[in-house]
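Engineer: You'll find data_12.txt just under this line, and it carries compact mmCIF, N, CA and C atoms.
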# COMPACT_ATOMS: atom_id res chain seq x y z
N MET A 84 1.49 -29.93 8.17
CA MET A 84 1.56 -29.04 7.03
C MET A 84 2.00 -29.82 5.80
N LYS A 85 1.54 -29.36 4.68
CA LYS A 85 1.92 -29.98 3.42
C LYS A 85 3.30 -29.49 3.00
N TRP A 86 3.92 -30.22 2.10
CA TRP A 86 5.25 -29.83 1.63
C TRP A 86 5.19 -28.50 0.87
N ILE A 87 4.06 -28.21 0.23
CA ILE A 87 3.91 -26.95 -0.50
C ILE A 87 3.95 -25.78 0.49
N GLU A 88 3.22 -25.92 1.60
CA GLU A 88 3.20 -24.85 2.59
C GLU A 88 4.58 -24.64 3.21
N TRP A 89 5.30 -25.74 3.48
CA TRP A 89 6.64 -25.63 4.04
C TRP A 89 7.60 -24.96 3.07
N SER A 90 7.51 -25.37 1.80
CA SER A 90 8.44 -24.79 0.82
C SER A 90 8.15 -23.30 0.62
N LEU A 91 6.87 -22.93 0.58
CA LEU A 91 6.53 -21.51 0.46
C LEU A 91 7.00 -20.74 1.69
N CYS A 92 6.85 -21.35 2.85
CA CYS A 92 7.28 -20.70 4.10
C CYS A 92 8.79 -20.48 4.09
N LEU A 93 9.56 -21.47 3.64
CA LEU A 93 11.01 -21.32 3.56
C LEU A 93 11.41 -20.25 2.56
N LEU A 94 10.76 -20.23 1.41
CA LEU A 94 11.09 -19.23 0.40
C LEU A 94 10.70 -17.82 0.86
N LEU A 95 9.57 -17.71 1.55
CA LEU A 95 9.18 -16.40 2.09
C LEU A 95 10.17 -15.96 3.17
N GLY A 96 10.66 -16.91 3.95
CA GLY A 96 11.67 -16.57 4.95
C GLY A 96 12.95 -16.04 4.32
N ALA A 97 13.37 -16.67 3.23
CA ALA A 97 14.56 -16.19 2.51
C ALA A 97 14.31 -14.81 1.91
N LEU A 98 13.12 -14.60 1.35
CA LEU A 98 12.78 -13.28 0.80
C LEU A 98 12.71 -12.23 1.91
N ALA A 99 12.24 -12.64 3.09
CA ALA A 99 12.15 -11.70 4.22
C ALA A 99 13.54 -11.25 4.65
N ILE A 100 14.49 -12.18 4.66
CA ILE A 100 15.86 -11.81 5.02
C ILE A 100 16.45 -10.87 3.98
N THR A 101 16.23 -11.18 2.70
CA THR A 101 16.73 -10.33 1.62
C THR A 101 16.11 -8.94 1.69
N ASP A 102 14.80 -8.88 1.93
CA ASP A 102 14.10 -7.59 2.00
C ASP A 102 14.56 -6.79 3.22
N SER A 103 14.83 -7.46 4.33
CA SER A 103 15.28 -6.75 5.52
C SER A 103 16.66 -6.14 5.32
N LYS A 104 17.55 -6.87 4.65
CA LYS A 104 18.90 -6.37 4.44
C LYS A 104 18.97 -5.29 3.36
N ASN A 105 18.32 -5.54 2.23
CA ASN A 105 18.47 -4.66 1.06
C ASN A 105 17.32 -3.69 0.86
N LYS A 106 16.20 -3.92 1.55
CA LYS A 106 14.97 -3.14 1.37
C LYS A 106 14.54 -3.17 -0.11
N GLU A 107 14.80 -4.32 -0.72
CA GLU A 107 14.46 -4.52 -2.12
C GLU A 107 14.40 -6.02 -2.37
N ILE A 108 13.50 -6.42 -3.26
CA ILE A 108 13.38 -7.82 -3.60
C ILE A 108 13.79 -7.99 -5.05
N PRO A 109 14.86 -8.73 -5.31
CA PRO A 109 15.22 -8.97 -6.70
C PRO A 109 14.16 -9.84 -7.38
N ILE A 110 13.80 -9.49 -8.59
CA ILE A 110 12.75 -10.21 -9.30
C ILE A 110 13.13 -11.68 -9.50
N TRP A 111 14.41 -11.97 -9.72
CA TRP A 111 14.81 -13.36 -9.95
C TRP A 111 14.57 -14.23 -8.73
N SER A 112 14.48 -13.64 -7.55
CA SER A 112 14.27 -14.45 -6.35
C SER A 112 12.80 -14.83 -6.17
N ILE A 113 11.91 -14.20 -6.92
CA ILE A 113 10.49 -14.53 -6.84
C ILE A 113 10.16 -15.72 -7.73
N VAL A 114 11.00 -16.02 -8.69
CA VAL A 114 10.75 -17.09 -9.66
C VAL A 114 10.55 -18.46 -8.99
N PRO A 115 11.34 -18.86 -7.97
CA PRO A 115 11.08 -20.17 -7.33
C PRO A 115 9.69 -20.26 -6.71
N VAL A 116 9.22 -19.17 -6.12
CA VAL A 116 7.88 -19.16 -5.54
C VAL A 116 6.84 -19.33 -6.64
N LEU A 117 7.04 -18.68 -7.77
CA LEU A 117 6.14 -18.81 -8.90
C LEU A 117 6.12 -20.24 -9.42
N CYS A 118 7.28 -20.87 -9.52
CA CYS A 118 7.35 -22.25 -10.00
C CYS A 118 6.62 -23.21 -9.06
N ILE A 119 6.80 -23.03 -7.75
CA ILE A 119 6.10 -23.88 -6.79
C ILE A 119 4.59 -23.62 -6.86
N GLY A 120 4.19 -22.37 -7.08
CA GLY A 120 2.77 -22.06 -7.21
C GLY A 120 2.16 -22.72 -8.43
N ILE A 121 2.84 -22.70 -9.54
CA ILE A 121 2.34 -23.36 -10.75
C ILE A 121 2.28 -24.87 -10.56
N LEU A 122 3.31 -25.43 -9.90
CA LEU A 122 3.30 -26.87 -9.60
C LEU A 122 2.14 -27.22 -8.69
N ASN A 123 1.87 -26.38 -7.71
CA ASN A 123 0.75 -26.60 -6.80
C ASN A 123 -0.57 -26.58 -7.56
N LEU A 124 -0.74 -25.63 -8.48
CA LEU A 124 -1.97 -25.58 -9.26
C LEU A 124 -2.12 -26.82 -10.13
N HIS A 125 -1.02 -27.30 -10.65
CA HIS A 125 -1.06 -28.49 -11.51
C HIS A 125 -1.39 -29.75 -10.71
N LEU A 126 -0.86 -29.86 -9.51
CA LEU A 126 -1.06 -31.06 -8.70
C LEU A 126 -2.45 -31.12 -8.06
N GLN A 127 -3.05 -29.99 -7.80
CA GLN A 127 -4.35 -29.97 -7.11
C GLN A 127 -5.44 -29.57 -8.11
N HIS A 128 -6.06 -30.57 -8.69
CA HIS A 128 -7.06 -30.31 -9.73
C HIS A 128 -8.39 -29.83 -9.16
N TYR A 129 -8.61 -29.99 -7.87
CA TYR A 129 -9.89 -29.66 -7.27
C TYR A 129 -10.00 -28.22 -6.82
N ARG A 130 -8.98 -27.41 -7.04
CA ARG A 130 -8.99 -26.02 -6.55
C ARG A 130 -10.04 -25.19 -7.26
N ASP A 131 -10.56 -24.23 -6.56
CA ASP A 131 -11.56 -23.31 -7.10
C ASP A 131 -10.84 -22.19 -7.84
N TRP A 132 -11.00 -22.16 -9.16
CA TRP A 132 -10.28 -21.18 -9.98
C TRP A 132 -10.68 -19.75 -9.68
N LYS A 133 -11.95 -19.52 -9.33
CA LYS A 133 -12.39 -18.17 -8.99
C LYS A 133 -11.66 -17.66 -7.76
N SER A 134 -11.49 -18.53 -6.78
CA SER A 134 -10.79 -18.14 -5.56
C SER A 134 -9.31 -17.88 -5.84
N ILE A 135 -8.71 -18.71 -6.68
CA ILE A 135 -7.29 -18.53 -7.02
C ILE A 135 -7.09 -17.22 -7.78
N LEU A 136 -7.96 -16.96 -8.75
CA LEU A 136 -7.85 -15.70 -9.49
C LEU A 136 -8.11 -14.50 -8.59
N GLY A 137 -9.01 -14.67 -7.62
CA GLY A 137 -9.25 -13.61 -6.65
C GLY A 137 -8.02 -13.35 -5.79
N GLY A 138 -7.34 -14.43 -5.38
CA GLY A 138 -6.11 -14.28 -4.59
C GLY A 138 -5.01 -13.60 -5.38
N ILE A 139 -4.89 -13.96 -6.65
CA ILE A 139 -3.89 -13.32 -7.50
C ILE A 139 -4.24 -11.85 -7.71
N SER A 140 -5.53 -11.55 -7.83
CA SER A 140 -5.94 -10.16 -8.05
C SER A 140 -5.65 -9.27 -6.85
N VAL A 141 -5.60 -9.84 -5.65
CA VAL A 141 -5.21 -9.06 -4.47
C VAL A 141 -3.78 -8.54 -4.65
N GLY A 142 -2.90 -9.41 -5.12
CA GLY A 142 -1.52 -9.00 -5.37
C GLY A 142 -1.39 -8.04 -6.53
N VAL A 143 -2.19 -8.26 -7.58
CA VAL A 143 -2.17 -7.35 -8.72
C VAL A 143 -2.64 -5.96 -8.29
N THR A 144 -3.64 -5.91 -7.42
CA THR A 144 -4.11 -4.62 -6.89
C THR A 144 -3.00 -3.92 -6.12
N LEU A 145 -2.23 -4.68 -5.36
CA LEU A 145 -1.11 -4.09 -4.64
C LEU A 145 -0.04 -3.58 -5.61
N CYS A 146 0.17 -4.28 -6.72
CA CYS A 146 1.11 -3.80 -7.75
C CYS A 146 0.61 -2.50 -8.37
N LEU A 147 -0.70 -2.41 -8.61
CA LEU A 147 -1.27 -1.17 -9.16
C LEU A 147 -1.14 -0.02 -8.16
N LEU A 148 -1.31 -0.32 -6.88
CA LEU A 148 -1.10 0.71 -5.85
C LEU A 148 0.35 1.15 -5.82
N SER A 149 1.26 0.23 -6.11
CA SER A 149 2.67 0.58 -6.17
C SER A 149 2.92 1.60 -7.28
N LYS A 150 2.32 1.37 -8.43
CA LYS A 150 2.46 2.32 -9.54
C LYS A 150 1.81 3.66 -9.20
N ALA A 151 0.64 3.61 -8.56
CA ALA A 151 -0.10 4.84 -8.25
C ALA A 151 0.60 5.69 -7.19
N THR A 152 1.37 5.05 -6.31
CA THR A 152 2.03 5.79 -5.23
C THR A 152 3.50 6.03 -5.51
N ASN A 153 3.92 5.89 -6.75
CA ASN A 153 5.33 6.09 -7.14
C ASN A 153 6.27 5.22 -6.31
N SER A 154 5.92 3.96 -6.20
CA SER A 154 6.71 2.92 -5.52
C SER A 154 6.88 3.15 -4.02
N ARG A 155 5.95 3.83 -3.37
CA ARG A 155 5.97 3.91 -1.91
C ARG A 155 5.67 2.52 -1.34
N ILE A 156 4.84 1.77 -2.07
CA ILE A 156 4.63 0.35 -1.80
C ILE A 156 5.44 -0.39 -2.85
N GLY A 157 6.22 -1.35 -2.46
CA GLY A 157 7.10 -2.02 -3.40
C GLY A 157 6.36 -2.92 -4.38
N MET A 158 6.83 -2.96 -5.61
CA MET A 158 6.26 -3.83 -6.63
C MET A 158 6.48 -5.30 -6.27
N GLY A 159 7.62 -5.62 -5.67
CA GLY A 159 7.90 -7.00 -5.27
C GLY A 159 6.93 -7.51 -4.22
N ASP A 160 6.46 -6.61 -3.36
CA ASP A 160 5.46 -7.01 -2.36
C ASP A 160 4.17 -7.46 -3.04
N GLY A 161 3.78 -6.75 -4.08
CA GLY A 161 2.58 -7.14 -4.83
C GLY A 161 2.76 -8.47 -5.52
N PHE A 162 3.95 -8.71 -6.08
CA PHE A 162 4.21 -9.99 -6.73
C PHE A 162 4.16 -11.14 -5.72
N VAL A 163 4.71 -10.92 -4.54
CA VAL A 163 4.71 -11.97 -3.52
C VAL A 163 3.28 -12.26 -3.05
N ILE A 164 2.48 -11.21 -2.85
CA ILE A 164 1.09 -11.42 -2.45
C ILE A 164 0.32 -12.15 -3.55
N ALA A 165 0.57 -11.82 -4.82
CA ALA A 165 -0.09 -12.52 -5.93
C ALA A 165 0.29 -14.00 -5.94
N GLU A 166 1.55 -14.28 -5.66
CA GLU A 166 1.97 -15.68 -5.63
C GLU A 166 1.37 -16.42 -4.44
N ILE A 167 1.24 -15.75 -3.32
CA ILE A 167 0.57 -16.37 -2.18
C ILE A 167 -0.89 -16.65 -2.54
N GLY A 168 -1.48 -15.76 -3.35
CA GLY A 168 -2.86 -15.97 -3.80
C GLY A 168 -3.04 -17.24 -4.59
N MET A 169 -2.00 -17.69 -5.29
CA MET A 169 -2.08 -18.96 -6.01
C MET A 169 -2.21 -20.13 -5.05
N PHE A 170 -1.68 -20.00 -3.85
CA PHE A 170 -1.72 -21.08 -2.88
C PHE A 170 -2.96 -21.03 -2.00
N MET A 171 -3.34 -19.83 -1.59
CA MET A 171 -4.33 -19.70 -0.52
C MET A 171 -5.73 -19.33 -0.98
N GLY A 172 -5.89 -18.80 -2.16
CA GLY A 172 -7.20 -18.34 -2.58
C GLY A 172 -7.46 -16.92 -2.10
N ALA A 173 -8.61 -16.38 -2.47
CA ALA A 173 -8.90 -14.97 -2.23
C ALA A 173 -9.05 -14.62 -0.75
N LYS A 174 -9.85 -15.38 -0.02
CA LYS A 174 -10.13 -15.04 1.37
C LYS A 174 -8.88 -15.07 2.24
N LEU A 175 -8.13 -16.17 2.15
CA LEU A 175 -6.95 -16.29 3.00
C LEU A 175 -5.83 -15.33 2.57
N THR A 176 -5.75 -15.03 1.27
CA THR A 176 -4.75 -14.07 0.81
C THR A 176 -5.07 -12.68 1.33
N PHE A 177 -6.34 -12.31 1.26
CA PHE A 177 -6.75 -11.00 1.79
C PHE A 177 -6.51 -10.95 3.30
N PHE A 178 -6.80 -12.05 3.99
CA PHE A 178 -6.55 -12.11 5.43
C PHE A 178 -5.07 -12.01 5.73
N CYS A 179 -4.24 -12.71 4.94
CA CYS A 179 -2.78 -12.66 5.12
C CYS A 179 -2.26 -11.24 4.90
N MET A 180 -2.73 -10.59 3.84
CA MET A 180 -2.28 -9.23 3.56
C MET A 180 -2.74 -8.27 4.67
N SER A 181 -3.98 -8.44 5.14
CA SER A 181 -4.48 -7.59 6.22
C SER A 181 -3.69 -7.79 7.51
N ALA A 182 -3.37 -9.04 7.82
CA ALA A 182 -2.57 -9.33 9.01
C ALA A 182 -1.17 -8.74 8.87
N ALA A 183 -0.60 -8.83 7.66
CA ALA A 183 0.73 -8.26 7.43
C ALA A 183 0.70 -6.74 7.59
N PHE A 184 -0.35 -6.09 7.07
CA PHE A 184 -0.47 -4.64 7.26
C PHE A 184 -0.63 -4.29 8.73
N PHE A 185 -1.38 -5.10 9.47
CA PHE A 185 -1.54 -4.85 10.91
C PHE A 185 -0.21 -4.97 11.64
N LEU A 186 0.53 -6.04 11.36
CA LEU A 186 1.82 -6.23 12.01
C LEU A 186 2.80 -5.12 11.65
N ALA A 187 2.81 -4.73 10.37
CA ALA A 187 3.72 -3.67 9.92
C ALA A 187 3.34 -2.32 10.54
N SER A 188 2.04 -2.05 10.64
CA SER A 188 1.63 -0.76 11.22
C SER A 188 1.95 -0.71 12.70
N PHE A 189 1.82 -1.84 13.39
CA PHE A 189 2.18 -1.89 14.79
C PHE A 189 3.68 -1.65 14.96
N ALA A 190 4.49 -2.28 14.11
CA ALA A 190 5.95 -2.09 14.18
C ALA A 190 6.33 -0.66 13.83
N ALA A 191 5.67 -0.07 12.82
CA ALA A 191 5.97 1.30 12.43
C ALA A 191 5.61 2.28 13.55
N LEU A 192 4.47 2.05 14.18
CA LEU A 192 4.06 2.90 15.29
C LEU A 192 5.06 2.80 16.44
N PHE A 193 5.52 1.59 16.73
CA PHE A 193 6.52 1.39 17.77
C PHE A 193 7.81 2.14 17.44
N LEU A 194 8.28 2.01 16.19
CA LEU A 194 9.52 2.68 15.79
C LEU A 194 9.38 4.20 15.81
N LEU A 195 8.22 4.70 15.40
CA LEU A 195 8.00 6.15 15.43
C LEU A 195 7.93 6.68 16.85
N CYS A 196 7.25 5.95 17.73
CA CYS A 196 7.14 6.40 19.12
C CYS A 196 8.49 6.37 19.83
N ARG A 197 9.33 5.42 19.49
CA ARG A 197 10.66 5.33 20.09
C ARG A 197 11.67 6.26 19.41
N LYS A 198 11.19 6.99 18.38
CA LYS A 198 12.00 7.94 17.63
C LYS A 198 13.24 7.28 17.02
N LYS A 199 13.07 6.04 16.56
CA LYS A 199 14.15 5.32 15.90
C LYS A 199 14.22 5.67 14.41
N VAL A 200 13.05 6.04 13.84
CA VAL A 200 12.97 6.35 12.40
C VAL A 200 12.09 7.57 12.21
N GLY A 201 12.18 8.16 11.02
CA GLY A 201 11.32 9.28 10.65
C GLY A 201 10.13 8.80 9.84
N LYS A 202 9.27 9.75 9.47
CA LYS A 202 8.05 9.36 8.75
C LYS A 202 8.33 8.92 7.31
N ASN A 203 9.47 9.21 6.76
CA ASN A 203 9.80 8.80 5.39
C ASN A 203 10.65 7.53 5.34
N TYR A 204 10.74 6.82 6.44
CA TYR A 204 11.52 5.58 6.51
C TYR A 204 10.89 4.52 5.60
N LYS A 205 11.72 3.87 4.79
CA LYS A 205 11.26 2.78 3.93
C LYS A 205 11.38 1.48 4.71
N MET A 206 10.25 0.92 5.04
CA MET A 206 10.20 -0.27 5.86
C MET A 206 10.01 -1.51 4.99
N PRO A 207 10.79 -2.56 5.20
CA PRO A 207 10.58 -3.78 4.42
C PRO A 207 9.26 -4.43 4.82
N PHE A 208 8.51 -4.93 3.83
CA PHE A 208 7.17 -5.47 4.10
C PHE A 208 7.14 -6.99 4.07
N ILE A 209 8.05 -7.62 3.35
CA ILE A 209 8.04 -9.08 3.22
C ILE A 209 8.20 -9.79 4.57
N PRO A 210 9.00 -9.27 5.52
CA PRO A 210 9.04 -9.95 6.82
C PRO A 210 7.67 -10.03 7.50
N TYR A 211 6.84 -9.04 7.31
CA TYR A 211 5.50 -9.05 7.90
C TYR A 211 4.57 -9.99 7.13
N ILE A 212 4.75 -10.09 5.82
CA ILE A 212 4.00 -11.06 5.04
C ILE A 212 4.39 -12.47 5.49
N PHE A 213 5.69 -12.68 5.69
CA PHE A 213 6.18 -13.98 6.16
C PHE A 213 5.59 -14.32 7.53
N ALA A 214 5.58 -13.36 8.44
CA ALA A 214 5.02 -13.60 9.78
C ALA A 214 3.53 -13.90 9.70
N ALA A 215 2.80 -13.14 8.89
CA ALA A 215 1.36 -13.36 8.75
C ALA A 215 1.07 -14.72 8.13
N TYR A 216 1.83 -15.09 7.10
CA TYR A 216 1.64 -16.38 6.45
C TYR A 216 1.93 -17.52 7.43
N THR A 217 2.98 -17.38 8.21
CA THR A 217 3.33 -18.41 9.20
C THR A 217 2.23 -18.55 10.24
N ILE A 218 1.68 -17.45 10.69
CA ILE A 218 0.59 -17.50 11.66
C ILE A 218 -0.63 -18.19 11.07
N ILE A 219 -0.94 -17.86 9.82
CA ILE A 219 -2.13 -18.44 9.16
C ILE A 219 -1.99 -19.94 8.98
N ILE A 220 -0.82 -20.40 8.51
CA ILE A 220 -0.70 -21.84 8.27
C ILE A 220 -0.58 -22.64 9.57
N CYS A 221 -0.20 -21.98 10.66
CA CYS A 221 -0.14 -22.67 11.95
C CYS A 221 -1.50 -22.74 12.64
N MET A 222 -2.44 -21.94 12.20
CA MET A 222 -3.77 -21.93 12.82
C MET A 222 -4.60 -23.11 12.37
Taking this structure as input, can you express it in the form of structure tokens?
Structural biologist:
Amino acid sequence: MKWIEWSLCLLLGALAITDSKNKEIPIWSIVPVLCIGILNLHLQHYRDWKSILGGISVGVTLCLLSKATNSRIGMGDGFVIAEIGMFMGAKLTFFCMSAAFFLASFAALFLLCRKKVGKNYKMPFIPYIFAAYTIIICM
């Protein structure tokens, strides 16, 4: 793995811990990921800009869904997905987000069936993004 992938993985892990404890992502904690993403774009001149903008737009779409659903989906989740889009491009970002939704839905179904939570439970999403990203970079 490249140092960029490792650093993003570590930062996502820290965000996952924060999101699990507080069920909220402070905006200031997303700034290091943004800085590494900009550095990555600067260092890799051969990247496909259409794919990068497509990856960022996946996160922006999630932010718009957050506004449309009165924050049932967290705005920080959309920012994190947009930042992952700077690293992975459109296809892998969409795959990462889809895998994260799959993992989260499986966990939610498990918690509901075990009657540990109700249907209005606010579930942290960044741990599932972290797990999906880790799976993708290990493949």
Engineer: Restricting the calculation to only C-alpha atoms: of A:Ile220, A:Ile209, A:Ile167, A:Ile110, which residue gets closest to Gly96 in chain A?
Structural biologist: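 The answer is A:Ile209, which sits nearest to Gly96 in chain A.
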Engineer: Choose the residue, out of A:Leu117, A:Ala99, A:Ile219, A:Ile156, that has the smallest atom-to-atom separation from Tyr204 in chain A; count only C-alpha atoms.
Structural biologist: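 With only C-alpha atoms as the atom set, the closest residue is A:Ile156.
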Engineer: Work out how far apart atom C of Thr101 in chain A and CA of Leu136 in chain A are and give it in Å to one decimal.
Structural biologist: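 According to the coordinates, atom C of Thr101 in chain A and CA of Leu136 in chain A are separated by 27.3 Å.
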Engineer: Kindly extract all protein, DNA and RNA residues lying within 8 Å of the coordinates (8.1, -16.2, 1.1) given in the file, considering all atoms listed in the file, and supply them as a ChimeraX atom specification.
Structural biologist: /A:90-99,116,163,209,212-213
Engineer: Go ahead and write the selection's residues with N, CA and C atoms as a PDB file, in the frame of the given file.
Structural biologist:
ATOM      1  N   SER A  90       7.510 -25.370   1.800  1.00  0.00           N
ATOM      2  CA  SER A  90       8.440 -24.790   0.820  1.00  0.00           C
ATOM      3  C   SER A  90       8.150 -23.300   0.620  1.00  0.00           C
ATOM      4  N   LEU A  91       6.870 -22.930   0.580  1.00  0.00           N
ATOM      5  CA  LEU A  91       6.530 -21.510   0.460  1.00  0.00           C
ATOM      6  C   LEU A  91       7.000 -20.740   1.690  1.00  0.00           C
ATOM      7  N   CYS A  92       6.850 -21.350   2.850  1.00  0.00           N
ATOM      8  CA  CYS A  92       7.280 -20.700   4.100  1.00  0.00           C
ATOM      9  C   CYS A  92       8.790 -20.480   4.090  1.00  0.00           C
ATOM     10  N   LEU A  93       9.560 -21.470   3.640  1.00  0.00           N
ATOM     11  CA  LEU A  93      11.010 -21.320   3.560  1.00  0.00           C
ATOM     12  C   LEU A  93      11.410 -20.250   2.560  1.00  0.00           C
ATOM     13  N   LEU A  94      10.760 -20.230   1.410  1.00  0.00           N
ATOM     14  CA  LEU A  94      11.090 -19.230   0.400  1.00  0.00           C
ATOM     15  C   LEU A  94      10.700 -17.820   0.860  1.00  0.00           C
ATOM     16  N   LEU A  95       9.570 -17.710   1.550  1.00  0.00           N
ATOM     17  CA  LEU A  95       9.180 -16.400   2.090  1.00  0.00           C
ATOM     18  C   LEU A  95      10.170 -15.960   3.170  1.00  0.00           C
ATOM     19  N   GLY A  96      10.660 -16.910   3.950  1.00  0.00           N
ATOM     20  CA  GLY A  96      11.670 -16.570   4.950  1.00  0.00           C
ATOM     21  C   GLY A  96      12.950 -16.040   4.320  1.00  0.00           C
ATOM     22  N   ALA A  97      13.370 -16.670   3.230  1.00  0.00           N
ATOM     23  CA  ALA A  97      14.560 -16.190   2.510  1.00  0.00           C
ATOM     24  C   ALA A  97      14.310 -14.810   1.910  1.00  0.00           C
ATOM     25  N   LEU A  98      13.120 -14.600   1.350  1.00  0.00           N
ATOM     26  CA  LEU A  98      12.780 -13.280   0.800  1.00  0.00           C
ATOM     27  C   LEU A  98      12.710 -12.230   1.910  1.00  0.00           C
ATOM     28  N   ALA A  99      12.240 -12.640   3.090  1.00  0.00           N
ATOM     29  CA  ALA A  99      12.150 -11.700   4.220  1.00  0.00           C
ATOM     30  C   ALA A  99      13.540 -11.250   4.650  1.00  0.00           C
ATOM     31  N   VAL A 116       9.220 -19.170  -6.120  1.00  0.00           N
ATOM     32  CA  VAL A 116       7.880 -19.160  -5.540  1.00  0.00           C
ATOM     33  C   VAL A 116       6.840 -19.330  -6.640  1.00  0.00           C
ATOM     34  N   VAL A 163       4.710 -10.920  -4.540  1.00  0.00           N
ATOM     35  CA  VAL A 163       4.710 -11.970  -3.520  1.00  0.00           C
ATOM     36  C   VAL A 163       3.280 -12.260  -3.050  1.00  0.00           C
ATOM     37  N   ILE A 209       8.050  -7.620   3.350  1.00  0.00           N
ATOM     38  CA  ILE A 209       8.040  -9.080   3.220  1.00  0.00           C
ATOM     39  C   ILE A 209       8.200  -9.790   4.570  1.00  0.00           C
ATOM     40  N   ILE A 212       4.750 -10.090   5.820  1.00  0.00           N
ATOM     41  CA  ILE A 212       4.000 -11.060   5.040  1.00  0.00           C
ATOM     42  C   ILE A 212       4.390 -12.470   5.490  1.00  0.00           C
ATOM     43  N   PHE A 213       5.690 -12.680   5.690  1.00  0.00           N
ATOM     44  CA  PHE A 213       6.180 -13.980   6.160  1.00  0.00           C
ATOM     45  C   PHE A 213       5.590 -14.320   7.530  1.00  0.00           C
TER      46      PHE A 213
END
Engineer: Could you state the separation of CA of Leu147 in chain A and CA of Thr217 in chain A in Å, given to one decimal place?
Structural biologist: 25.6 Å
